[in-house]
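Reproduced below: coords.txt, with compact mmCIF, C-alpha atoms.
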# COMPACT_ATOMS: atom_id res chain seq x y z
CA MET A 1 -2.40 -24.30 4.18
CA ARG A 2 -0.91 -20.82 4.29
CA THR A 3 -2.52 -17.47 5.01
CA THR A 4 -2.54 -16.58 1.30
CA GLY A 5 -5.35 -19.14 0.89
CA LEU A 6 -7.57 -17.33 3.39
CA THR A 7 -10.14 -15.77 1.09
CA SER A 8 -13.35 -14.18 2.36
CA ARG A 9 -15.24 -17.23 1.10
CA THR A 10 -12.93 -19.58 3.04
CA LEU A 11 -13.39 -17.64 6.27
CA THR A 12 -17.16 -17.58 5.81
CA ALA A 13 -17.18 -21.37 5.39
CA LEU A 14 -15.03 -21.83 8.50
CA ARG A 15 -17.37 -19.61 10.52
CA ALA A 16 -20.45 -21.64 9.52
CA ARG A 17 -22.40 -23.21 12.37
CA ARG A 18 -21.79 -26.93 12.81
CA PRO A 19 -23.11 -29.70 15.04
CA TYR A 20 -21.37 -29.45 18.41
CA PRO A 21 -18.45 -29.81 18.84
CA ALA A 22 -16.36 -27.98 16.28
CA VAL A 23 -12.85 -28.42 17.69
CA THR A 24 -10.14 -25.81 17.22
CA ILE A 25 -6.55 -26.31 18.36
CA THR A 26 -4.04 -23.46 18.26
CA LEU A 27 -0.34 -23.88 18.92
CA PRO A 28 2.61 -21.47 18.78
CA THR A 29 5.38 -22.98 16.64
CA HIS A 30 8.90 -22.21 15.54
CA ARG A 31 9.98 -21.60 11.99
CA ARG A 32 12.35 -23.86 10.08
CA GLU A 33 15.43 -22.25 11.56
CA PRO A 34 15.70 -23.49 14.23
CA TYR A 35 13.26 -26.39 14.12
CA ARG A 36 12.19 -27.34 17.65
CA PRO A 37 11.25 -31.02 18.22
CA ALA A 38 9.38 -29.86 21.34
CA ASP A 39 6.66 -28.49 19.04
CA THR A 40 5.81 -32.05 18.05
CA VAL A 41 5.42 -33.07 21.70
CA ARG A 42 3.18 -30.09 22.45
CA LEU A 43 1.03 -30.82 19.41
CA ARG A 44 0.56 -34.42 20.47
CA ASN A 45 -0.38 -33.27 23.97
CA LEU A 46 -3.01 -30.90 22.60
CA ILE A 47 -4.46 -33.58 20.33
CA ALA A 48 -4.61 -35.91 23.35
CA GLU A 49 -6.32 -33.20 25.41
CA ALA A 50 -8.93 -32.70 22.69
CA LYS A 51 -9.62 -36.45 22.57
CA ARG A 52 -9.91 -36.58 26.35
CA ARG A 53 -12.45 -33.78 26.30
CA LEU A 54 -14.40 -35.57 23.59
CA GLU A 55 -14.60 -38.60 25.87
CA GLU A 56 -15.64 -36.60 28.93
CA ASP A 57 -18.17 -34.28 27.28
CA PRO A 58 -21.70 -35.69 27.80
CA ASP A 59 -23.03 -33.58 24.91
CA VAL A 60 -20.86 -35.41 22.35
CA GLU A 61 -22.51 -38.47 20.84
CA ARG A 62 -20.50 -41.65 20.49
CA GLN A 63 -20.44 -41.60 16.68
CA ALA A 64 -19.32 -37.96 16.61
CA ARG A 65 -16.63 -38.74 19.18
CA TYR A 66 -15.09 -41.45 16.99
CA ASP A 67 -15.43 -39.40 13.82
CA ILE A 68 -13.83 -36.23 15.21
CA SER A 69 -11.07 -38.21 16.88
CA GLY A 70 -10.25 -39.69 13.47
CA GLN A 71 -10.28 -36.22 11.88
CA LEU A 72 -7.79 -35.04 14.50
CA ASP A 73 -5.51 -37.98 13.66
CA ARG A 74 -5.69 -37.13 9.94
CA ALA A 75 -4.92 -33.50 10.62
CA MET A 76 -1.92 -34.35 12.78
CA ALA A 77 -0.58 -36.72 10.12
CA ASP A 78 -0.75 -33.85 7.63
CA VAL A 79 1.31 -31.47 9.77
CA ASP A 80 4.99 -31.06 8.93
CA LEU A 81 6.48 -28.86 11.63
CA ARG A 82 9.77 -28.64 9.74
CA ASP A 83 7.94 -26.20 7.48
CA ALA A 84 6.15 -24.34 10.29
CA LEU A 85 5.60 -20.61 10.61
CA ASP A 86 4.74 -18.86 13.89
CA SER A 87 1.61 -20.80 14.81
CA LEU A 88 -0.62 -23.66 13.78
CA VAL A 89 -4.42 -23.84 13.70
CA ILE A 90 -6.18 -27.20 13.42
CA CYS A 91 -9.95 -27.32 12.83
CA ALA A 92 -11.79 -30.63 13.18
CA ALA A 93 -15.50 -31.45 13.13
CA LYS A 94 -17.58 -34.41 12.08
CA GLY A 95 -16.49 -35.31 8.55
CA ASP A 96 -14.06 -32.41 8.18
CA TRP A 97 -10.61 -31.16 9.14
CA GLU A 98 -8.24 -28.36 8.09
CA VAL A 99 -4.75 -27.24 9.06
CA TRP A 100 -3.44 -23.69 8.73
CA ALA A 101 0.10 -22.39 9.25
CA LEU A 102 0.08 -18.72 10.25
CA PRO A 103 2.83 -16.07 10.20
CA ARG A 104 1.77 -14.69 13.60
CA THR A 105 1.77 -16.25 17.04
CA ALA A 106 -1.31 -17.79 18.67
CA PRO A 107 -1.85 -19.08 22.21
CA GLU A 108 -1.83 -22.78 23.06
CA ARG A 109 -5.53 -23.69 23.27
CA VAL A 110 -8.18 -26.33 22.67
CA VAL A 111 -11.64 -24.84 22.05
CA PHE A 112 -14.99 -26.64 21.69
CA SER A 113 -17.87 -24.69 20.17
CA ASP A 114 -20.47 -24.87 17.41
CA THR A 115 -18.17 -23.05 15.00
CA PHE A 116 -14.43 -23.06 14.45
CA LEU A 117 -12.33 -20.44 16.25
CA THR A 118 -11.29 -18.12 13.43
CA ARG A 119 -9.98 -15.03 15.20
CA ASN A 120 -6.37 -16.11 14.68
CA LEU A 121 -7.07 -16.73 10.99
CA VAL A 122 -8.81 -13.37 10.64
CA ALA A 123 -6.01 -11.60 12.49
CA ALA A 124 -3.36 -13.31 10.35
CA ARG A 125 -5.19 -12.34 7.17
CA GLU A 126 -5.56 -8.78 8.41
CA ARG A 127 -1.88 -8.60 9.33
CA THR A 128 -0.69 -10.29 6.13
CA ARG A 129 -3.21 -8.71 3.78
CA PRO A 130 -1.87 -9.38 0.27
CA TYR A 131 -0.58 -6.54 -1.86
CA TRP A 132 0.93 -5.92 -5.27
CA VAL A 133 4.41 -4.59 -5.95
CA LEU A 134 5.17 -3.23 -9.41
CA ALA A 135 8.90 -2.81 -10.09
CA VAL A 136 9.20 -0.37 -12.98
CA SER A 137 12.11 0.47 -15.25
CA VAL A 138 12.44 1.69 -18.84
CA ASP A 139 13.49 -1.72 -20.08
CA ARG A 140 11.32 -4.11 -18.01
CA THR A 141 8.41 -4.02 -15.56
CA VAL A 142 7.81 -6.94 -13.21
CA LEU A 143 4.83 -7.70 -10.99
CA TRP A 144 5.34 -9.20 -7.53
CA ARG A 145 2.73 -10.41 -5.07
CA GLY A 146 3.47 -9.78 -1.45
CA SER A 147 2.22 -10.93 1.92
CA ASN A 148 3.79 -10.44 5.35
CA GLY A 149 6.98 -9.11 3.82
CA ASN A 150 7.41 -12.11 1.50
CA LEU A 151 7.47 -11.53 -2.26
CA VAL A 152 6.97 -13.86 -5.21
CA GLU A 153 7.12 -12.84 -8.86
CA GLU A 154 3.68 -13.06 -10.44
CA GLN A 155 2.96 -13.64 -14.12
CA ALA A 156 -0.49 -12.14 -14.57
CA ALA A 157 -2.27 -9.44 -16.61
CA GLY A 158 0.53 -9.58 -19.20
CA PHE A 159 3.37 -8.99 -16.76
CA PRO A 160 6.33 -8.97 -17.04
CA LEU A 161 6.32 -6.33 -19.76
CA ALA A 162 9.16 -4.93 -21.84
CA PRO A 163 9.29 -2.33 -24.63
CA GLU A 164 9.33 -3.35 -28.27
CA PRO A 165 12.87 -3.55 -29.70
CA THR A 166 13.85 -0.41 -31.61
CA TYR A 167 16.30 -0.10 -34.46
CA ASN A 168 17.36 3.51 -34.43
CA ASP A 169 19.91 4.95 -36.85
CA VAL A 170 22.36 5.94 -34.13
CA GLU A 171 24.90 7.50 -36.55
CA ARG A 172 22.24 9.73 -38.08
CA GLU A 173 20.87 10.72 -34.68
CA GLU A 174 24.33 11.65 -33.49
CA ARG A 175 24.95 13.58 -36.71
CA VAL A 176 21.83 15.73 -36.40
CA GLY A 177 21.93 15.88 -32.60
CA ASP A 178 18.65 14.01 -32.14
CA VAL A 179 19.47 11.39 -29.52
CA PRO A 180 16.49 11.12 -27.15
CA GLY A 181 17.11 10.08 -23.56
CA PRO A 182 15.41 6.96 -22.22
CA TYR A 183 12.62 9.02 -20.65
CA ASP A 184 12.07 11.22 -23.73
CA ASP A 185 11.70 8.43 -26.25
CA GLU A 186 8.18 7.93 -27.62
CA GLY A 187 8.76 4.18 -27.58
CA THR A 188 9.25 4.36 -23.80
CA ARG A 189 6.01 6.30 -23.42
CA THR A 190 4.14 3.75 -25.51
CA TYR A 191 5.58 0.92 -23.42
CA LEU A 192 4.59 2.60 -20.14
CA ARG A 193 1.06 3.15 -21.49
CA GLN A 194 0.92 -0.61 -21.97
CA VAL A 195 2.09 -1.04 -18.37
CA ASP A 196 -0.66 1.31 -17.21
CA THR A 197 -3.33 -0.58 -19.18
CA ALA A 198 -2.17 -3.94 -17.79
CA LEU A 199 -2.05 -2.53 -14.26
CA ASP A 200 -5.56 -1.14 -14.59
CA ALA A 201 -6.87 -4.55 -15.69
CA LEU A 202 -5.07 -6.26 -12.81
CA LEU A 203 -6.50 -3.96 -10.13
CA ALA A 204 -9.99 -4.30 -11.62
CA THR A 205 -9.94 -8.09 -11.29
CA ASP A 206 -7.85 -8.44 -8.12
CA PRO A 207 -7.79 -5.19 -6.12
CA ARG A 208 -5.01 -5.02 -3.54
CA PRO A 209 -2.87 -2.24 -2.09
CA LEU A 210 -0.28 -1.29 -4.71
CA TYR A 211 3.34 -0.37 -4.09
CA LEU A 212 5.47 1.09 -6.90
CA VAL A 213 9.25 0.66 -6.97
CA GLY A 214 11.62 2.32 -9.41
CA LEU A 215 13.67 5.38 -10.23
CA ALA A 216 11.85 8.69 -9.87
CA PRO A 217 11.80 9.53 -13.64
CA ALA A 218 10.28 6.13 -14.51
CA LEU A 219 7.58 6.40 -11.83
CA SER A 220 6.77 9.99 -12.82
CA LEU A 221 6.47 9.07 -16.50
CA LEU A 222 4.23 6.10 -15.68
CA GLU A 223 1.90 8.40 -13.76
CA GLU A 224 2.02 10.99 -16.54
CA VAL A 225 1.00 8.63 -19.36
CA GLY A 226 -1.83 6.86 -17.48
CA SER A 227 -3.99 6.75 -14.40
CA ALA A 228 -3.64 3.30 -12.79
CA ALA A 229 -0.40 4.21 -10.97
CA LYS A 230 -2.24 6.93 -9.07
CA ALA A 231 -3.89 4.16 -7.03
CA ALA A 232 -0.56 3.29 -5.39
CA VAL A 233 -0.54 3.55 -1.60
CA SER A 234 3.20 4.14 -1.58
CA LYS A 235 6.16 4.70 -3.90
CA VAL A 236 9.67 3.46 -3.17
CA VAL A 237 12.20 5.43 -5.19
CA LYS A 238 14.96 2.92 -5.81
CA GLY A 239 16.27 1.40 -9.02
CA GLY A 240 17.89 -1.91 -9.88
CA LEU A 241 15.19 -4.06 -8.25
CA THR A 242 13.02 -4.95 -11.23
CA ASN A 243 14.27 -8.53 -11.20
CA GLY A 244 14.67 -8.74 -7.43
CA PRO A 245 16.05 -10.67 -5.75
CA ALA A 246 12.95 -10.96 -3.59
CA ARG A 247 14.86 -10.41 -0.35
CA ALA A 248 16.41 -7.15 -1.57
CA LEU A 249 13.07 -5.92 -2.87
CA ALA A 250 11.37 -6.83 0.43
CA ASP A 251 14.04 -4.96 2.39
CA ALA A 252 13.49 -1.86 0.27
CA LEU A 253 9.72 -2.09 0.85
CA HIS A 254 9.91 -2.67 4.60
CA PRO A 255 9.73 1.00 5.71
CA ALA A 256 6.75 1.62 3.43
CA LEU A 257 4.91 -1.40 4.82
CA LEU A 258 5.53 -0.26 8.40
CA GLU A 259 4.26 3.20 7.53
CA GLN A 260 1.06 1.74 6.07
CA ALA A 261 0.51 -0.37 9.22
CA GLU A 262 0.85 2.73 11.36
CA ARG A 263 -1.58 4.61 9.13
CA HIS A 264 -4.05 1.74 9.46
CA THR A 265 -4.00 2.05 13.27
CA GLU A 266 -4.33 5.84 13.00
CA ARG A 267 -7.35 5.50 10.69
CA VAL A 268 -9.03 3.10 13.13
CA GLN A 269 -8.39 5.48 16.03
CA GLU A 270 -9.73 8.39 13.97
CA ARG A 271 -12.94 6.52 13.15
CA ILE A 272 -13.39 5.67 16.83
CA GLY A 273 -12.92 9.34 17.77
CA GLN A 274 -15.46 10.47 15.19
CA ALA A 275 -17.95 7.84 16.40
CA GLN A 276 -17.55 9.07 19.97
CA GLY A 277 -18.31 12.60 18.81
CA ARG A 278 -21.61 11.56 17.25
CA ARG A 279 -22.40 9.05 20.02
CA ALA A 280 -22.30 6.05 17.70
CA PHE A 281 -19.76 4.23 19.81
CA ALA A 282 -19.46 1.34 22.26
CA ALA A 283 -16.52 0.23 24.40
CA GLY A 284 -15.76 -2.53 26.86
CA LEU A 285 -16.63 -6.19 26.59
CA GLU A 286 -20.22 -6.21 27.84
CA GLU A 287 -21.31 -3.07 26.01
CA VAL A 288 -19.78 -4.24 22.73
CA TRP A 289 -21.35 -7.68 23.20
CA GLN A 290 -24.80 -6.12 23.50
CA VAL A 291 -24.55 -3.99 20.35
CA CYS A 292 -22.96 -6.91 18.50
CA LYS A 293 -26.01 -9.11 19.17
CA GLU A 294 -28.19 -6.30 17.82
CA GLY A 295 -26.21 -6.21 14.56
CA ARG A 296 -25.22 -2.59 15.05
CA ILE A 297 -21.44 -2.79 14.58
CA GLU A 298 -19.96 -1.13 11.51
CA LEU A 299 -16.34 -1.40 12.65
CA LEU A 300 -15.01 -3.57 15.47
CA ALA A 301 -11.56 -2.66 16.79
CA VAL A 302 -9.79 -5.29 18.92
CA GLU A 303 -6.34 -5.47 20.43
CA GLU A 304 -4.48 -8.34 18.80
CA HIS A 305 -4.05 -10.57 21.85
CA TYR A 306 -7.21 -9.74 23.77
CA GLN A 307 -9.28 -12.78 24.78
CA ARG A 308 -11.65 -13.54 27.65
CA THR A 309 -13.49 -16.57 28.98
CA VAL A 310 -16.88 -15.62 30.42
CA ARG A 311 -20.01 -17.07 31.94
CA VAL A 312 -23.14 -15.76 30.26
CA THR A 313 -25.92 -15.00 32.76
CA GLY A 314 -28.91 -13.37 31.11
CA GLU A 315 -27.57 -10.20 29.53
CA HIS A 316 -24.41 -10.09 31.65
CA LEU A 317 -20.91 -11.48 31.21
CA THR A 318 -18.86 -12.67 34.16
CA PRO A 319 -15.14 -13.31 33.55
CA VAL A 320 -14.01 -16.75 34.71
CA ASP A 321 -10.86 -18.86 34.69
CA ALA A 322 -11.16 -21.37 31.84
CA GLU A 323 -8.99 -23.91 33.67
CA GLU A 324 -11.48 -24.06 36.55
CA ILE A 325 -14.55 -24.72 34.38
CA PRO A 326 -15.86 -28.31 33.92
CA PRO A 327 -15.74 -29.41 30.25
CA ALA A 328 -19.53 -29.88 30.22
CA GLU A 329 -20.02 -26.14 30.73
CA LEU A 330 -17.67 -25.01 27.97
CA GLY A 331 -19.52 -23.98 24.84
CA THR A 332 -22.85 -23.74 26.66
CA ALA A 333 -23.03 -21.68 29.88
CA VAL A 334 -19.39 -20.65 29.48
CA LEU A 335 -17.87 -19.20 26.31
CA GLU A 336 -14.15 -19.89 26.06
CA ASP A 337 -13.49 -16.71 24.10
CA ILE A 338 -16.25 -14.12 24.05
CA VAL A 339 -13.99 -11.88 21.96
CA ASP A 340 -13.97 -14.46 19.19
CA GLU A 341 -17.75 -14.75 19.43
CA ILE A 342 -18.02 -10.98 18.95
CA ILE A 343 -15.63 -11.10 15.99
CA GLU A 344 -17.55 -13.97 14.36
CA THR A 345 -20.92 -12.29 14.84
CA THR A 346 -19.65 -8.95 13.53
CA LEU A 347 -18.32 -10.57 10.36
CA ASP A 348 -21.48 -12.62 9.86
CA ARG A 349 -23.56 -9.43 10.00
CA GLY A 350 -21.47 -7.51 7.51
CA GLY A 351 -19.29 -5.55 9.91
CA GLU A 352 -15.60 -4.82 9.51
CA VAL A 353 -12.97 -6.09 11.97
CA ALA A 354 -9.68 -4.29 12.55
CA PHE A 355 -6.91 -5.61 14.78
CA VAL A 356 -4.63 -3.04 16.39
CA PRO A 357 -1.49 -3.38 18.53
CA ASP A 358 -1.87 -4.24 22.21
CA ASP A 359 -2.51 -1.22 24.46
CA SER A 360 -3.84 0.83 21.52
CA LEU A 361 -7.33 0.63 23.04
CA ALA A 362 -6.38 0.85 26.71
CA ALA A 363 -8.77 3.78 27.20
CA HIS A 364 -11.64 1.63 25.84
CA GLU A 365 -10.99 -1.59 27.80
CA ARG A 366 -9.18 -3.16 24.82
CA ILE A 367 -12.22 -3.45 22.54
CA ALA A 368 -14.37 -0.79 20.86
CA ALA A 369 -17.01 -0.49 18.14
CA VAL A 370 -18.17 2.13 15.68
CA LEU A 371 -21.94 1.73 15.32
CA ARG A 372 -24.22 1.87 12.31
CA PHE A 373 -27.04 3.34 14.39
Take the structure in the file and write it out as C-alpha cells.
Amino acid sequence: MRTTGLTSRTLTALRARRPYPAVTITLPTHRREPYRPADTVRLRNLIAEAKRRLEEDPDVERQARYDISGQLDRAMADVDLRDALDSLVICAAKGDWEVWALPRTAPERVVFSDTFLTRNLVAARERTRPYWVLAVSVDRTVLWRGSNGNLVEEQAAGFPLAPEPTYNDVEREERVGDVPGPYDDEGTRTYLRQVDTALDALLATDPRPLYLVGLAPALSLLEEVGSAAKAAVSKVVKGGLTNGPARALADALHPALLEQAERHTERVQERIGQAQGRRAFAAGLEEVWQVCKEGRIELLAVEEHYQRTVRVTGEHLTPVDAEEIPPAELGTAVLEDIVDEIIETTLDRGGEVAFVPDDSLAAHERIAAVLRF
C-alpha cells in the first residue's frame, strides 16, 4: 500500500497493542529506475533474521511463532520491488500482516514489540501530507490531488467545471462596441461562483491544504466572487496548466511546496520558543519521556532520523547498542527505539507530532515538546 492510504484511522489501528511480538521490518529500497536486484536479497535476509529471532525468543509461544512466520512469508510474496519507492515497511503479527511502500527512506531494521513500529509511516504521512491543487482558467477548472510532488486529476465535488456555452450576437456587439473581455463577462462570473461553491463543498468534506494555479486575473476574479479561494495556502500565477500534464503542473508547484515546508519548520520552532518563554517545555530524551508518560505533550517535535535504543531502569534511560543486546531483552528491559515509543504514546494521548529536518533541534538534543500543563 502507498502513503495515500495512511489515514488517521489506519495509523490508530496499526498502533494498537497486540500480543507480543508485533514484528516490524523496515528496508530502504530503490525506485523503478534503476531497479536493484540487491533489494530482494536484503529483504530475504531481513525476513530470515525475523524468523531466527522468533525461534530464539523464549517469550514467543510455539503457535505464535508458526503463525507470524507464515504472515511474514505472505507479506514477502506480496512485495513487488519493481514498483518500489524509497523504503518498505512490513508489519506482521499473529493473524495479520501489512506492507507499505513509502516515498522517504527508512533504516534497515527488524523490531519486536507489542505494537507495530509506525514512526516511519507517521513521518511519511507528515512529509507527504495530501493537498488539493485547483487549476483555474476562464474556460475550464480542474481539480488535482497531490502528495509528495505527485499529482493526479481528481473528479470530485463536480470538478472539472466549465462555463455554460454562450451564443452572443458578435456582429451586434461589435457594431455597438459592447464586446466584454473574458474577465468582464457575467457568464464568467457565474461560472466562477459555481467553482467557488464546489470548492467550498470539497474543503468541508475533505479539508486539505489548497494551492491555486492560474493567470492572475482568473485567480483574482475567483476570490472576488466567492470566499472558498481565500483558504488557499499558496497561489501559483501561471496559465496553460489547467489540463496538466501532471509533471509540468508539479514543476510549477515545486517552489510553493518547498516554501510551505520551510514555513512548517518555522512554525514548529516558533511554538517551541513560545513554550520556553512560559516554561511549558521539555527537551532531551529522558525529560521528554517523563512528560510523555504523564500525557502532558501538546506538540512533539522530532528530527526526522533520530532514533535511540535504551535500557529502561526505573525512571532512567540508558543508551545501549542494539546489536549487543540479547534478543530476550528486546521489547522488555530494552526498547529498540524509545523515540518511536514517545511518538506512539503522544499520538495515543491526543498530542501532535511534527517531524523537522535533521539538526533543526540540535540545541534541544534532537527532540523537544510543547506541554499542555
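Take CA of Leu88 (chain A) and CA of Ala101 (chain A): the distance between them is 4.8 Å.
Here CA of Leu192 (chain A) stands at a distance of 19.3 Å from CA of Val233 (chain A).
Omitting Arg65 (chain A) and its sequence neighbours fewer than 2 positions away, and counting only C-alpha atoms, the residues within 9 Å are Lys51, Leu54, Glu55, Val60, Glu61, Arg62, Gln63, Asp67, Ile68, Ser69, Gly70 and Lys94 of chain A.
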Check: Pick from A:Ala354, A:Ala362, A:Val138, A:Ala252: nearest to Leu151 (chain A), with all atoms listed in the file counted?
Finding: A:Ala252
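Of note, CA of Gly295 (chain A) and CA of Thr346 (chain A) are spaced 7.2 Å apart.
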Next item on the list: Within 9 Å of region 235-239 of chain A, counting all atoms listed in the file, which residues show up once you throw out same-chain ones fewer than 6 positions away? Write them as a PyMOL selection string, please.
Entry: chain A and resi 135-137+210-216+219+252-253+256
Item checked: Distance criterion (all atoms listed in the file): nearest to Leu258 (chain A) out of A:Gly158, A:Pro37, A:Gly149, A:Pro209 -> A:Gly149
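Between Val142 (chain A) and the residues A:Asn45, A:Thr118, A:Thr242, A:Ser234, the shortest atom-to-atom distance, using all atoms listed in the file, involves A:Thr242.
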Next item on the list: Mind checking which residues fall within 12 Å of Ala363 (chain A), counting all atoms listed in the file, ignoring those fewer than 4 positions away in the same chain, and posting them as a PyMOL selection string?
Entry: chain A and resi 269+272-273+283-284+303+358-359+367-368
Margin query: Taking only C-alpha atoms into account, name the residue in A:Ala157, A:Cys91, A:Val288, A:Ala218 that is nearest to Leu371 (chain A).
Written below: A:Val288
Note to self: So, with all atoms listed in the file as the atoms that count, which of A:Leu117, A:Val310, A:Leu257, A:Met76 lies closest to Arg17 (chain A)?
What the structure shows: A:Leu117
Checklist line | Within 9 Å of Ala106 (chain A) using all atoms listed in the file, minus same-chain residues under 2 positions, as a ChimeraX atom specification | finding: /A:26-29,86-89,102,104,108-109,120,305
Store the residues picked out above, limited to C-alpha atoms, as a CSV table (one decimal), in the coordinates of the input.
chain,number,residue,atom,x,y,z
A,26,THR,CA,-4.0,-23.5,18.3
A,27,LEU,CA,-0.3,-23.9,18.9
A,28,PRO,CA,2.6,-21.5,18.8
A,29,THR,CA,5.4,-23.0,16.6
A,86,ASP,CA,4.7,-18.9,13.9
A,87,SER,CA,1.6,-20.8,14.8
A,88,LEU,CA,-0.6,-23.7,13.8
A,89,VAL,CA,-4.4,-23.8,13.7
A,102,LEU,CA,0.1,-18.7,10.2
A,104,ARG,CA,1.8,-14.7,13.6
A,108,GLU,CA,-1.8,-22.8,23.1
A,109,ARG,CA,-5.5,-23.7,23.3
A,120,ASN,CA,-6.4,-16.1,14.7
A,305,HIS,CA,-4.0,-10.6,21.8
Next item on the list: Choose the residue, out of A:Leu347, A:Ala246, A:Val320, A:Ala75, that has the smallest atom-to-atom separation from Lys293 (chain A); count all atoms listed in the file.
Entry: A:Leu347
Given only C-alpha atoms, how would the per-residue table for region 71-161 of chain A near region 198-206 of chain A read, listing every residue at most 10 Å away with its closest atom pair and distance in Å to one decimal, sorted by chain and number, as JSON lines?
{"residue": "A:Tyr131", "atom": "CA", "partner": "A:Asp206", "partner_atom": "CA", "distance": 9.8}
{"residue": "A:Trp132", "atom": "CA", "partner": "A:Leu203", "partner_atom": "CA", "distance": 9.1}
{"residue": "A:Leu134", "atom": "CA", "partner": "A:Leu199", "partner_atom": "CA", "distance": 8.7}
{"residue": "A:Leu143", "atom": "CA", "partner": "A:Leu199", "partner_atom": "CA", "distance": 9.2}
{"residue": "A:Ala156", "atom": "CA", "partner": "A:Leu202", "partner_atom": "CA", "distance": 7.7}
{"residue": "A:Ala157", "atom": "CA", "partner": "A:Ala198", "partner_atom": "CA", "distance": 5.6}
{"residue": "A:Gly158", "atom": "CA", "partner": "A:Ala198", "partner_atom": "CA", "distance": 6.4}
{"residue": "A:Phe159", "atom": "CA", "partner": "A:Ala198", "partner_atom": "CA", "distance": 7.6}
{"residue": "A:Pro160", "atom": "CA", "partner": "A:Ala198", "partner_atom": "CA", "distance": 9.9}
{"residue": "A:Leu161", "atom": "CA", "partner": "A:Ala198", "partner_atom": "CA", "distance": 9.0}
With a distance cut-off of 8 Å and only C-alpha atoms, select the neighbouring residues of Val370 (chain A), excluding the residue or stretch itself and same-chain residues fewer than 4 positions from it, and output the selection as a CSV table (one decimal) with C-alpha atoms, keeping the file's coordinate frame.
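New file out_10.csv:
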chain,number,residue,atom,x,y,z
A,271,ARG,CA,-12.9,6.5,13.2
A,272,ILE,CA,-13.4,5.7,16.8
A,275,ALA,CA,-18.0,7.8,16.4
A,280,ALA,CA,-22.3,6.0,17.7
A,281,PHE,CA,-19.8,4.2,19.8
A,282,ALA,CA,-19.5,1.3,22.3
A,297,ILE,CA,-21.4,-2.8,14.6
A,298,GLU,CA,-20.0,-1.1,11.5
A,299,LEU,CA,-16.3,-1.4,12.6
A,300,LEU,CA,-15.0,-3.6,15.5
